[in-house]
file start.cif (mmCIF, C-alpha atoms)
data_start
#
loop_
_atom_site.group_PDB
_atom_site.id
_atom_site.type_symbol
_atom_site.label_atom_id
_atom_site.label_comp_id
_atom_site.auth_asym_id
_atom_site.auth_seq_id
_atom_site.Cartn_x
_atom_site.Cartn_y
_atom_site.Cartn_z
ATOM 1 C CA MET A 1 -293.619 -2.316 127.596
ATOM 2 C CA ASN A 2 -291.186 0.186 126.151
ATOM 3 C CA GLU A 3 -288.823 -1.134 123.559
ATOM 4 C CA GLN A 4 -285.201 -0.718 124.483
ATOM 5 C CA ILE A 5 -283.203 1.125 121.869
ATOM 6 C CA GLU A 6 -279.935 -0.619 121.200
ATOM 7 C CA LYS A 7 -276.851 1.449 120.527
ATOM 8 C CA TRP A 8 -273.896 0.058 118.664
ATOM 9 C CA ASP A 9 -270.313 1.265 118.564
ATOM 10 C CA LEU A 10 -270.020 0.181 114.928
ATOM 11 C CA GLU A 11 -272.812 -0.343 112.462
ATOM 12 C CA ILE A 12 -272.036 -1.897 109.075
ATOM 13 C CA LYS A 13 -274.517 -1.172 106.318
ATOM 14 C CA PRO A 14 -274.550 -2.272 102.686
ATOM 15 C CA LYS A 15 -273.635 0.386 100.133
ATOM 16 C CA SER A 16 -276.697 2.104 98.738
ATOM 17 C CA SER A 17 -275.006 2.826 95.400
ATOM 18 C CA LEU A 18 -271.899 1.843 93.518
ATOM 19 C CA PHE A 19 -270.484 5.347 93.945
ATOM 20 C CA SER A 20 -271.103 5.268 97.688
ATOM 21 C CA ILE A 21 -267.996 6.378 99.606
ATOM 22 C CA ASP A 22 -268.252 7.010 103.327
ATOM 23 C CA ILE A 23 -265.643 9.723 103.875
ATOM 24 C CA ASN A 24 -266.252 9.759 107.626
ATOM 25 C CA GLU A 25 -265.580 6.037 107.759
ATOM 26 C CA LEU A 26 -262.294 6.492 105.905
ATOM 27 C CA ILE A 27 -261.312 9.259 108.333
ATOM 28 C CA GLN A 28 -262.179 7.043 111.308
ATOM 29 C CA HIS A 29 -259.855 4.387 109.903
ATOM 30 C CA ARG A 30 -256.966 6.781 109.299
ATOM 31 C CA ASP A 31 -254.796 4.820 111.727
ATOM 32 C CA LEU A 32 -255.370 1.737 109.607
ATOM 33 C CA ILE A 33 -254.394 3.705 106.499
ATOM 34 C CA MET A 34 -251.095 4.662 108.123
ATOM 35 C CA MET A 35 -250.544 1.050 109.178
ATOM 36 C CA PHE A 36 -250.913 -0.087 105.561
ATOM 37 C CA VAL A 37 -248.631 2.766 104.440
ATOM 38 C CA LYS A 38 -245.924 1.552 106.830
ATOM 39 C CA ARG A 39 -246.464 -2.011 105.650
ATOM 40 C CA ASP A 40 -246.146 -1.080 101.976
ATOM 41 C CA PHE A 41 -243.112 1.104 102.635
ATOM 42 C CA SER A 42 -241.206 -1.462 104.715
ATOM 43 C CA THR A 43 -242.045 -4.790 103.070
ATOM 44 C CA VAL A 44 -240.862 -3.768 99.603
ATOM 45 C CA TYR A 45 -237.220 -3.557 100.686
ATOM 46 C CA LYS A 46 -237.373 -5.888 103.673
ATOM 47 C CA GLN A 47 -234.378 -8.255 103.828
ATOM 48 C CA THR A 48 -232.540 -6.297 101.127
ATOM 49 C CA ILE A 49 -228.940 -5.213 101.579
ATOM 50 C CA LEU A 50 -229.323 -1.647 100.339
ATOM 51 C CA GLY A 51 -232.874 -1.083 101.581
ATOM 52 C CA PRO A 52 -234.335 2.381 100.836
ATOM 53 C CA LEU A 53 -231.229 3.247 98.806
ATOM 54 C CA TRP A 54 -233.033 1.527 95.942
ATOM 55 C CA PHE A 55 -235.233 4.639 95.829
ATOM 56 C CA PHE A 56 -232.153 6.421 94.456
ATOM 57 C CA ILE A 57 -230.461 3.572 92.613
ATOM 58 C CA GLN A 58 -233.350 2.756 90.259
ATOM 59 C CA PRO A 59 -233.811 6.279 88.792
ATOM 60 C CA ILE A 60 -230.036 6.844 88.648
ATOM 61 C CA PHE A 61 -229.376 3.634 86.697
ATOM 62 C CA THR A 62 -232.336 4.250 84.381
ATOM 63 C CA THR A 63 -231.220 7.833 83.728
ATOM 64 C CA VAL A 64 -227.648 6.788 82.967
ATOM 65 C CA MET A 65 -228.856 4.023 80.644
ATOM 66 C CA PHE A 66 -231.184 6.402 78.774
ATOM 67 C CA THR A 67 -228.352 8.925 78.437
ATOM 68 C CA ILE A 68 -225.982 6.357 76.945
ATOM 69 C CA VAL A 69 -228.480 4.681 74.618
ATOM 70 C CA PHE A 70 -230.737 7.504 73.466
ATOM 71 C CA ALA A 71 -228.625 10.657 73.862
ATOM 72 C CA ARG A 72 -225.191 9.273 72.927
ATOM 73 C CA ILE A 73 -225.851 6.322 70.632
ATOM 74 C CA ALA A 74 -229.216 7.204 69.055
ATOM 75 C CA ASN A 75 -228.378 10.931 69.231
ATOM 76 C CA ILE A 76 -231.947 11.947 70.121
ATOM 77 C CA GLY A 77 -232.185 15.616 71.093
ATOM 78 C CA THR A 78 -233.384 16.819 74.497
ATOM 79 C CA ASP A 79 -234.507 20.399 73.745
ATOM 80 C CA ASP A 80 -231.075 21.790 74.752
ATOM 81 C CA ILE A 81 -231.578 20.384 78.241
ATOM 82 C CA PRO A 82 -228.668 18.351 79.706
ATOM 83 C CA PRO A 83 -229.615 14.715 79.005
ATOM 84 C CA LEU A 84 -229.231 13.602 82.622
ATOM 85 C CA LEU A 85 -231.563 16.355 83.818
ATOM 86 C CA PHE A 86 -234.012 15.759 80.967
ATOM 87 C CA TYR A 87 -234.351 12.017 81.565
ATOM 88 C CA LEU A 88 -234.329 12.261 85.349
ATOM 89 C CA SER A 89 -237.210 14.749 85.335
ATOM 90 C CA GLY A 90 -239.380 12.452 83.229
ATOM 91 C CA ILE A 91 -238.428 9.311 85.145
ATOM 92 C CA THR A 92 -239.221 10.940 88.504
ATOM 93 C CA ILE A 93 -242.716 11.813 87.344
ATOM 94 C CA TRP A 94 -243.372 8.523 85.567
ATOM 95 C CA ASN A 95 -242.213 6.374 88.487
ATOM 96 C CA TYR A 96 -244.876 7.782 90.797
ATOM 97 C CA PHE A 97 -247.687 7.189 88.327
ATOM 98 C CA SER A 98 -246.514 3.697 87.354
ATOM 99 C CA ASP A 99 -245.990 2.651 90.984
ATOM 100 C CA CYS A 100 -249.506 3.798 91.909
ATOM 101 C CA LEU A 101 -250.972 1.904 88.968
ATOM 102 C CA ILE A 102 -249.001 -1.336 89.334
ATOM 103 C CA ASN A 103 -249.204 -1.578 93.122
ATOM 104 C CA THR A 104 -252.971 -1.023 93.229
ATOM 105 C CA SER A 105 -253.692 -3.350 90.305
ATOM 106 C CA ASP A 106 -253.700 -6.480 92.490
ATOM 107 C CA THR A 107 -255.476 -5.094 95.557
ATOM 108 C CA PHE A 108 -258.120 -7.827 95.737
ATOM 109 C CA VAL A 109 -255.839 -10.765 94.971
ATOM 110 C CA LYS A 110 -253.002 -9.634 97.220
ATOM 111 C CA ASN A 111 -255.245 -8.856 100.206
ATOM 112 C CA ALA A 112 -257.836 -11.627 99.805
ATOM 113 C CA ASN A 113 -256.924 -13.220 103.142
ATOM 114 C CA ILE A 114 -257.401 -9.963 105.034
ATOM 115 C CA PHE A 115 -260.604 -9.028 103.204
ATOM 116 C CA GLY A 116 -262.113 -12.426 104.012
ATOM 117 C CA LYS A 117 -261.509 -12.182 107.760
ATOM 118 C CA VAL A 118 -262.261 -8.671 108.948
ATOM 119 C CA TYR A 119 -264.319 -5.705 107.828
ATOM 120 C CA PHE A 120 -262.859 -2.323 106.976
ATOM 121 C CA PRO A 121 -263.406 0.016 104.025
ATOM 122 C CA ARG A 122 -261.687 -1.733 101.133
ATOM 123 C CA LEU A 123 -260.708 1.571 99.548
ATOM 124 C CA ILE A 124 -258.226 2.011 102.387
ATOM 125 C CA VAL A 125 -255.798 -0.410 100.717
ATOM 126 C CA PRO A 126 -255.398 1.348 97.312
ATOM 127 C CA ILE A 127 -255.417 4.751 99.033
ATOM 128 C CA SER A 128 -252.586 3.642 101.314
ATOM 129 C CA VAL A 129 -250.610 2.533 98.246
ATOM 130 C CA VAL A 130 -250.903 6.003 96.702
ATOM 131 C CA ILE A 131 -249.751 7.611 99.965
ATOM 132 C CA SER A 132 -246.788 5.255 100.442
ATOM 133 C CA ASN A 133 -245.688 5.852 96.851
ATOM 134 C CA LEU A 134 -245.944 9.580 97.514
ATOM 135 C CA MET A 135 -243.222 9.142 100.115
ATOM 136 C CA LYS A 136 -241.066 7.380 97.539
ATOM 137 C CA PHE A 137 -241.793 10.189 95.083
ATOM 138 C CA GLY A 138 -240.609 12.715 97.676
ATOM 139 C CA VAL A 139 -237.304 10.880 98.054
ATOM 140 C CA GLN A 140 -236.786 10.781 94.292
ATOM 141 C CA MET A 141 -237.708 14.470 94.042
ATOM 142 C CA ILE A 142 -234.803 15.163 96.394
ATOM 143 C CA LEU A 143 -232.529 13.321 93.950
ATOM 144 C CA PHE A 144 -233.900 15.376 91.065
ATOM 145 C CA LEU A 145 -233.414 18.645 92.984
ATOM 146 C CA MET A 146 -229.826 17.678 93.814
ATOM 147 C CA ALA A 147 -229.089 17.186 90.107
ATOM 148 C CA TYR A 148 -231.094 20.309 89.276
ATOM 149 C CA PHE A 149 -229.115 22.623 91.571
ATOM 150 C CA TYR A 150 -225.847 20.970 90.568
ATOM 151 C CA TYR A 151 -226.405 21.995 86.952
ATOM 152 C CA ILE A 152 -227.449 25.503 87.992
ATOM 153 C CA ILE A 153 -224.532 26.155 90.354
ATOM 154 C CA PHE A 154 -221.601 24.249 88.864
ATOM 155 C CA THR A 155 -222.314 24.074 85.137
ATOM 156 C CA LYS A 156 -224.227 27.336 84.747
ATOM 157 C CA THR A 157 -226.875 25.535 82.709
ATOM 158 C CA PRO A 158 -229.450 28.101 81.541
ATOM 159 C CA VAL A 159 -232.618 26.855 83.226
ATOM 160 C CA HIS A 160 -235.582 29.129 83.771
ATOM 161 C CA PRO A 161 -237.898 28.100 86.613
ATOM 162 C CA ASN A 162 -241.166 30.007 86.524
ATOM 163 C CA SER A 163 -244.461 30.538 88.310
ATOM 164 C CA THR A 164 -245.927 27.285 86.978
ATOM 165 C CA LEU A 165 -243.992 25.606 89.794
ATOM 166 C CA LEU A 166 -247.077 26.418 91.854
ATOM 167 C CA LEU A 167 -248.881 23.765 89.811
ATOM 168 C CA LEU A 168 -246.716 20.978 91.254
ATOM 169 C CA PRO A 169 -249.430 19.893 93.765
ATOM 170 C CA VAL A 170 -251.881 19.711 90.852
ATOM 171 C CA LEU A 171 -249.473 17.498 88.904
ATOM 172 C CA ILE A 172 -249.050 15.184 91.897
ATOM 173 C CA PHE A 173 -252.830 15.035 92.319
ATOM 174 C CA ILE A 174 -253.360 14.114 88.657
ATOM 175 C CA MET A 175 -250.713 11.383 88.770
ATOM 176 C CA GLY A 176 -252.008 9.884 92.009
ATOM 177 C CA VAL A 177 -255.685 9.995 91.037
ATOM 178 C CA PHE A 178 -255.054 8.714 87.510
ATOM 179 C CA GLY A 179 -252.899 5.836 88.761
ATOM 180 C CA LEU A 180 -255.383 5.040 91.542
ATOM 181 C CA GLY A 181 -258.360 4.993 89.173
ATOM 182 C CA LEU A 182 -256.659 2.787 86.586
ATOM 183 C CA GLY A 183 -255.288 0.543 89.315
ATOM 184 C CA MET A 184 -258.738 -0.042 90.814
ATOM 185 C CA ILE A 185 -260.125 -0.912 87.386
ATOM 186 C CA VAL A 186 -257.360 -3.449 86.755
ATOM 187 C CA SER A 187 -257.642 -4.779 90.312
ATOM 188 C CA ALA A 188 -261.330 -5.493 89.792
ATOM 189 C CA LEU A 189 -260.607 -7.304 86.533
ATOM 190 C CA THR A 190 -257.767 -9.406 87.971
ATOM 191 C CA THR A 191 -260.214 -11.186 90.277
ATOM 192 C CA LYS A 192 -261.256 -13.135 87.159
ATOM 193 C CA TYR A 193 -258.348 -12.629 84.790
ATOM 194 C CA ARG A 194 -255.055 -13.088 86.675
ATOM 195 C CA ASP A 195 -252.984 -12.550 83.533
ATOM 196 C CA LEU A 196 -253.852 -8.859 83.608
ATOM 197 C CA LYS A 197 -251.390 -8.331 86.463
ATOM 198 C CA PHE A 198 -248.504 -9.388 84.224
ATOM 199 C CA LEU A 199 -249.931 -7.541 81.243
ATOM 200 C CA ILE A 200 -250.243 -4.256 83.117
ATOM 201 C CA THR A 201 -246.645 -4.470 84.384
ATOM 202 C CA PHE A 202 -245.376 -5.066 80.852
ATOM 203 C CA GLY A 203 -247.774 -2.489 79.403
ATOM 204 C CA VAL A 204 -246.626 0.279 81.740
ATOM 205 C CA GLN A 205 -243.031 -0.304 80.653
ATOM 206 C CA LEU A 206 -244.029 0.019 77.005
ATOM 207 C CA LEU A 207 -246.229 3.025 77.676
ATOM 208 C CA MET A 208 -243.180 4.930 78.898
ATOM 209 C CA TYR A 209 -242.068 5.148 75.268
ATOM 210 C CA ALA A 210 -245.368 6.778 74.304
ATOM 211 C CA VAL A 211 -244.861 9.825 76.538
ATOM 212 C CA PRO A 212 -242.150 12.521 76.271
ATOM 213 C CA ILE A 213 -239.612 10.943 78.613
ATOM 214 C CA ILE A 214 -237.037 9.627 76.163
ATOM 215 C CA TYR A 215 -237.606 12.390 73.632
ATOM 216 C CA PRO A 216 -239.166 15.866 73.854
ATOM 217 C CA LEU A 217 -242.674 16.480 72.586
ATOM 218 C CA SER A 218 -241.235 18.876 69.992
ATOM 219 C CA TYR A 219 -239.439 15.867 68.463
ATOM 220 C CA VAL A 220 -242.814 14.473 67.354
ATOM 221 C CA SER A 221 -244.375 15.819 64.154
ATOM 222 C CA PRO A 222 -247.436 18.048 64.710
ATOM 223 C CA LYS A 223 -249.616 15.612 62.733
ATOM 224 C CA LYS A 224 -248.875 12.786 65.183
ATOM 225 C CA ARG A 225 -248.467 14.815 68.353
ATOM 226 C CA TRP A 226 -252.179 14.769 69.161
ATOM 227 C CA ILE A 227 -251.971 10.996 69.686
ATOM 228 C CA MET A 228 -249.468 11.459 72.514
ATOM 229 C CA GLU A 229 -251.478 14.326 73.962
ATOM 230 C CA LEU A 230 -254.431 11.962 74.468
ATOM 231 C CA ASN A 231 -252.453 10.493 77.350
ATOM 232 C CA PRO A 232 -253.046 12.648 80.478
ATOM 233 C CA MET A 233 -249.471 11.969 81.574
ATOM 234 C CA THR A 234 -248.072 13.830 78.565
ATOM 235 C CA SER A 235 -249.223 17.246 79.771
ATOM 236 C CA VAL A 236 -248.110 16.409 83.325
ATOM 237 C CA ILE A 237 -244.560 15.563 82.222
ATOM 238 C CA GLU A 238 -244.333 18.564 79.905
ATOM 239 C CA THR A 239 -245.625 20.922 82.602
ATOM 240 C CA PHE A 240 -243.111 19.553 85.109
ATOM 241 C CA LYS A 241 -240.196 20.150 82.730
ATOM 242 C CA TYR A 242 -241.467 23.578 81.775
ATOM 243 C CA SER A 243 -241.905 24.549 85.441
ATOM 244 C CA PHE A 244 -238.370 23.681 86.530
ATOM 245 C CA ILE A 245 -236.331 24.103 83.369
ATOM 246 C CA GLY A 246 -238.334 26.458 81.172
ATOM 247 C CA LYS A 247 -238.250 24.035 78.257
ATOM 248 C CA GLY A 248 -241.087 21.991 76.873
ATOM 249 C CA THR A 249 -244.706 22.638 76.012
ATOM 250 C CA PHE A 250 -247.077 24.085 78.578
ATOM 251 C CA SER A 251 -250.796 24.332 77.926
ATOM 252 C CA ILE A 252 -253.258 25.126 80.679
ATOM 253 C CA ASN A 253 -256.047 23.679 78.514
ATOM 254 C CA ALA A 254 -254.208 20.369 78.088
ATOM 255 C CA LEU A 255 -253.513 20.245 81.826
ATOM 256 C CA ALA A 256 -257.178 20.959 82.594
ATOM 257 C CA ILE A 257 -258.217 18.115 80.270
ATOM 258 C CA SER A 258 -255.773 15.791 82.067
ATOM 259 C CA PHE A 259 -257.256 16.856 85.409
ATOM 260 C CA ILE A 260 -260.805 16.140 84.238
ATOM 261 C CA ALA A 261 -259.764 12.839 82.651
ATOM 262 C CA SER A 262 -258.111 11.695 85.902
ATOM 263 C CA ILE A 263 -261.291 12.479 87.862
ATOM 264 C CA ILE A 264 -263.403 10.535 85.338
ATOM 265 C CA ILE A 265 -261.041 7.548 85.569
ATOM 266 C CA LEU A 266 -261.206 7.716 89.377
ATOM 267 C CA LEU A 267 -265.020 7.718 89.346
ATOM 268 C CA LEU A 268 -265.075 4.824 86.876
ATOM 269 C CA GLY A 269 -262.529 2.944 88.976
ATOM 270 C CA THR A 270 -264.591 3.522 92.135
ATOM 271 C CA LEU A 271 -267.717 2.283 90.356
ATOM 272 C CA ILE A 272 -266.067 -0.950 89.215
ATOM 273 C CA PHE A 273 -264.199 -1.420 92.511
ATOM 274 C CA ASN A 274 -267.391 -1.118 94.586
ATOM 275 C CA LYS A 275 -269.229 -3.478 92.266
ATOM 276 C CA VAL A 276 -266.584 -6.192 92.463
ATOM 277 C CA GLU A 277 -266.114 -5.690 96.219
ATOM 278 C CA LYS A 278 -269.539 -7.225 96.889
ATOM 279 C CA ARG A 279 -268.733 -10.570 95.258
ATOM 280 C CA PHE A 280 -264.988 -10.839 94.799
ATOM 281 C CA MET A 281 -264.563 -13.557 97.471
ATOM 282 C CA ASP A 282 -266.475 -15.906 95.168
ATOM 283 C CA THR A 283 -263.897 -15.513 92.398
ATOM 284 C CA VAL A 284 -260.577 -14.901 94.152
#
call {"tool": "encode", "arguments": {"input": "start.cif", "output": "structure tokens"}}
result
Amino acid sequence: MNEQIEKWDLEIKPKSSLFSIDINELIQHRDLIMMFVKRDFSTVYKQTILGPLWFFIQPIFTTVMFTIVFARIANIGTDDIPPLLFYLSGITIWNYFSDCLINTSDTFVKNANIFGKVYFPRLIVPISVVISNLMKFGVQMILFLMAYFYYIIFTKTPVHPNSTLLLLPVLIFIMGVFGLGLGMIVSALTTKYRDLKFLITFGVQLLMYAVPIIYPLSYVSPKKRWIMELNPMTSVIETFKYSFIGKGTFSINALAISFIASIIILLLGTLIFNKVEKRFMDTV
């Protein structure tokens, strides 16, 4: 008697290694990714009066506050860049990274009900967060470009955009990957230690003062500058300012190190995420 070979539309297999990522499976679930992107994009400002206008309001208010406190009162220099343009450029970059980190840091806890009912690649959720925040970043980039061209056309501010603008996709990649990797690490840890969610939100706010957003990198003494340069976001912010304005410190070596560091963090985050994925329902 010949054995009948059964064919299945979907076959779920356990991961063979902690670094196992089925790219084809992620591609097959691309519709689900877009569904989560729409969910993340709409639920944040659902039942708010101003809705997506908060994409503009938050960076505008933060920029104005930084200008008043640090440029006017504290009299901190901005490398001869108009304070509004200086702060807005750093805030635009930082917001994307911080949003990716914070919004992926509670993936397991926030989606425990969904994870416990139906199977799909769990990496879809943090990936969708990075994509939805990319849309928000695009909106805030429009705000930055509006201010940028205003200063060029109406105030004749001497800005010098250069060929390093071509590195903008690389900067976005570093921010997204770095935030995703750190977020997955924190998300795995929050299954046991819920306080980390609050700590990471507070920590990201403090970390903003350790990168050249409020003050230029040249404001820091050379002996202490290397401490700031350990943060991959430092070279990203400096490259962004140098690309659009022509001011700041650009180093291809520092940017390459940031790129490599973001990849390492992503691999480490994937390792920890896959490990916790197998048993997180027992702790959440």
call {"tool": "resolve_selection", "arguments": {"input": "start.cif", "expression": "the PyMOL selection byres ((chain A and resi 185-195) around 6)", "output": "ChimeraX atom specification"}}
result
/A:105-107,182-184,196-198,269,273,276,284
call {"tool": "atom_distance", "arguments": {"input": "start.cif", "atom1": "CA of Phe36 in chain A", "atom2": "CA of Asn24 in chain A"}}
result
18.3 Å
call {"tool": "atom_distance", "arguments": {"input": "start.cif", "atom1": "CA of Ile213 in chain A", "atom2": "CA of Met228 in chain A"}}
result
11.6 Å
call {"tool": "resolve_selection", "arguments": {"input": "start.cif", "expression": "the PyMOL selection byres ((chain A and resi 130) around 12)", "output": "PyMOL selection string"}}
result
chain A and resi 33-34+36-37+40-41+95-105+123-129+131-137+172-181+183-184
call {"tool": "closest_residue", "arguments": {"input": "start.cif", "among": "A:Ser251, A:Thr62, A:Ser42, A:Ser89", "to": "Pro212 in chain A", "atoms": "all atoms listed in the file"}}
result
A:Ser89
call {"tool": "atom_distance", "arguments": {"input": "start.cif", "atom1": "CA of Phe259 in chain A", "atom2": "CA of Ile200 in chain A"}}
result
22.4 Å
call {"tool": "residues_around", "arguments": {"input": "start.cif", "residues": "Ala210 in chain A", "least_positions_apart": "3", "cutoff": "12 Å", "atoms": "all atoms listed in the file", "output": "NGL selection string"}}
result
:A and (94 or 203-207 or 213-217 or 220 or 224-234 or 237)
call {"tool": "residues_around", "arguments": {"input": "start.cif", "residues": "range 147-163 of chain A", "least_positions_apart": "5", "cutoff": "6 Å", "atoms": "only C-alpha atoms", "output": "ChimeraX atom specification"}}
result
/A:243-246
call {"tool": "build_atoms", "arguments": {"input": "start.cif", "residues": "range 58-87 of chain A", "atoms": "N, CA and C atoms", "output": "PDB file, in the frame of the given file"}}
result
ATOM      1  N   GLN A  58    -232.540   3.053  91.453  1.00  0.00           N
ATOM      2  CA  GLN A  58    -233.350   2.756  90.259  1.00  0.00           C
ATOM      3  C   GLN A  58    -233.411   3.944  89.294  1.00  0.00           C
ATOM      4  N   PRO A  59    -233.779   5.159  89.749  1.00  0.00           N
ATOM      5  CA  PRO A  59    -233.811   6.279  88.792  1.00  0.00           C
ATOM      6  C   PRO A  59    -232.429   6.664  88.269  1.00  0.00           C
ATOM      7  N   ILE A  60    -231.390   6.505  89.098  1.00  0.00           N
ATOM      8  CA  ILE A  60    -230.036   6.844  88.648  1.00  0.00           C
ATOM      9  C   ILE A  60    -229.603   5.908  87.519  1.00  0.00           C
ATOM     10  N   PHE A  61    -229.769   4.607  87.714  1.00  0.00           N
ATOM     11  CA  PHE A  61    -229.376   3.634  86.697  1.00  0.00           C
ATOM     12  C   PHE A  61    -230.187   3.819  85.417  1.00  0.00           C
ATOM     13  N   THR A  62    -231.487   4.057  85.565  1.00  0.00           N
ATOM     14  CA  THR A  62    -232.336   4.250  84.381  1.00  0.00           C
ATOM     15  C   THR A  62    -231.924   5.506  83.623  1.00  0.00           C
ATOM     16  N   THR A  63    -231.637   6.579  84.363  1.00  0.00           N
ATOM     17  CA  THR A  63    -231.220   7.833  83.728  1.00  0.00           C
ATOM     18  C   THR A  63    -229.907   7.668  82.981  1.00  0.00           C
ATOM     19  N   VAL A  64    -228.948   7.011  83.609  1.00  0.00           N
ATOM     20  CA  VAL A  64    -227.648   6.788  82.967  1.00  0.00           C
ATOM     21  C   VAL A  64    -227.810   5.935  81.710  1.00  0.00           C
ATOM     22  N   MET A  65    -228.639   4.895  81.801  1.00  0.00           N
ATOM     23  CA  MET A  65    -228.856   4.023  80.644  1.00  0.00           C
ATOM     24  C   MET A  65    -229.514   4.789  79.498  1.00  0.00           C
ATOM     25  N   PHE A  66    -230.524   5.604  79.809  1.00  0.00           N
ATOM     26  CA  PHE A  66    -231.184   6.402  78.774  1.00  0.00           C
ATOM     27  C   PHE A  66    -230.202   7.381  78.139  1.00  0.00           C
ATOM     28  N   THR A  67    -229.333   7.957  78.954  1.00  0.00           N
ATOM     29  CA  THR A  67    -228.352   8.925  78.437  1.00  0.00           C
ATOM     30  C   THR A  67    -227.397   8.255  77.457  1.00  0.00           C
ATOM     31  N   ILE A  68    -226.933   7.067  77.811  1.00  0.00           N
ATOM     32  CA  ILE A  68    -225.982   6.357  76.945  1.00  0.00           C
ATOM     33  C   ILE A  68    -226.649   5.905  75.652  1.00  0.00           C
ATOM     34  N   VAL A  69    -227.834   5.287  75.780  1.00  0.00           N
ATOM     35  CA  VAL A  69    -228.480   4.681  74.618  1.00  0.00           C
ATOM     36  C   VAL A  69    -229.122   5.724  73.715  1.00  0.00           C
ATOM     37  N   PHE A  70    -229.938   6.605  74.297  1.00  0.00           N
ATOM     38  CA  PHE A  70    -230.737   7.504  73.466  1.00  0.00           C
ATOM     39  C   PHE A  70    -230.039   8.830  73.149  1.00  0.00           C
ATOM     40  N   ALA A  71    -229.290   9.366  74.114  1.00  0.00           N
ATOM     41  CA  ALA A  71    -228.625  10.657  73.862  1.00  0.00           C
ATOM     42  C   ALA A  71    -227.301  10.472  73.129  1.00  0.00           C
ATOM     43  N   ARG A  72    -226.513   9.454  73.515  1.00  0.00           N
ATOM     44  CA  ARG A  72    -225.191   9.273  72.927  1.00  0.00           C
ATOM     45  C   ARG A  72    -225.220   8.411  71.669  1.00  0.00           C
ATOM     46  N   ILE A  73    -225.859   7.248  71.766  1.00  0.00           N
ATOM     47  CA  ILE A  73    -225.851   6.322  70.632  1.00  0.00           C
ATOM     48  C   ILE A  73    -226.895   6.711  69.584  1.00  0.00           C
ATOM     49  N   ALA A  74    -228.144   6.859  70.004  1.00  0.00           N
ATOM     50  CA  ALA A  74    -229.216   7.204  69.055  1.00  0.00           C
ATOM     51  C   ALA A  74    -229.210   8.682  68.696  1.00  0.00           C
ATOM     52  N   ASN A  75    -228.510   9.491  69.497  1.00  0.00           N
ATOM     53  CA  ASN A  75    -228.378  10.931  69.231  1.00  0.00           C
ATOM     54  C   ASN A  75    -229.739  11.630  69.139  1.00  0.00           C
ATOM     55  N   ILE A  76    -230.627  11.297  70.058  1.00  0.00           N
ATOM     56  CA  ILE A  76    -231.947  11.947  70.121  1.00  0.00           C
ATOM     57  C   ILE A  76    -231.814  13.226  70.948  1.00  0.00           C
ATOM     58  N   GLY A  77    -232.293  14.335  70.419  1.00  0.00           N
ATOM     59  CA  GLY A  77    -232.185  15.616  71.093  1.00  0.00           C
ATOM     60  C   GLY A  77    -233.024  15.693  72.362  1.00  0.00           C
ATOM     61  N   THR A  78    -232.664  16.641  73.226  1.00  0.00           N
ATOM     62  CA  THR A  78    -233.384  16.819  74.497  1.00  0.00           C
ATOM     63  C   THR A  78    -233.783  18.281  74.717  1.00  0.00           C
ATOM     64  N   ASP A  79    -234.068  18.993  73.639  1.00  0.00           N
ATOM     65  CA  ASP A  79    -234.507  20.399  73.745  1.00  0.00           C
ATOM     66  C   ASP A  79    -233.471  21.274  74.436  1.00  0.00           C
ATOM     67  N   ASP A  80    -232.181  21.023  74.164  1.00  0.00           N
ATOM     68  CA  ASP A  80    -231.075  21.790  74.752  1.00  0.00           C
ATOM     69  C   ASP A  80    -231.008  21.677  76.269  1.00  0.00           C
ATOM     70  N   ILE A  81    -231.662  20.673  76.813  1.00  0.00           N
ATOM     71  CA  ILE A  81    -231.578  20.384  78.241  1.00  0.00           C
ATOM     72  C   ILE A  81    -230.501  19.320  78.431  1.00  0.00           C
ATOM     73  N   PRO A  82    -229.644  19.417  79.453  1.00  0.00           N
ATOM     74  CA  PRO A  82    -228.668  18.351  79.706  1.00  0.00           C
ATOM     75  C   PRO A  82    -229.377  16.999  79.792  1.00  0.00           C
ATOM     76  N   PRO A  83    -228.906  16.003  79.062  1.00  0.00           N
ATOM     77  CA  PRO A  83    -229.615  14.715  79.005  1.00  0.00           C
ATOM     78  C   PRO A  83    -229.947  14.121  80.374  1.00  0.00           C
ATOM     79  N   LEU A  84    -228.983  14.165  81.297  1.00  0.00           N
ATOM     80  CA  LEU A  84    -229.231  13.602  82.622  1.00  0.00           C
ATOM     81  C   LEU A  84    -230.413  14.284  83.303  1.00  0.00           C
ATOM     82  N   LEU A  85    -230.482  15.604  83.193  1.00  0.00           N
ATOM     83  CA  LEU A  85    -231.563  16.355  83.818  1.00  0.00           C
ATOM     84  C   LEU A  85    -232.878  16.113  83.091  1.00  0.00           C
ATOM     85  N   PHE A  86    -232.812  16.001  81.772  1.00  0.00           N
ATOM     86  CA  PHE A  86    -234.012  15.759  80.967  1.00  0.00           C
ATOM     87  C   PHE A  86    -234.636  14.409  81.306  1.00  0.00           C
ATOM     88  N   TYR A  87    -233.821  13.355  81.302  1.00  0.00           N
ATOM     89  CA  TYR A  87    -234.351  12.017  81.565  1.00  0.00           C
ATOM     90  C   TYR A  87    -234.787  11.859  83.017  1.00  0.00           C
TER      91      TYR A  87
END
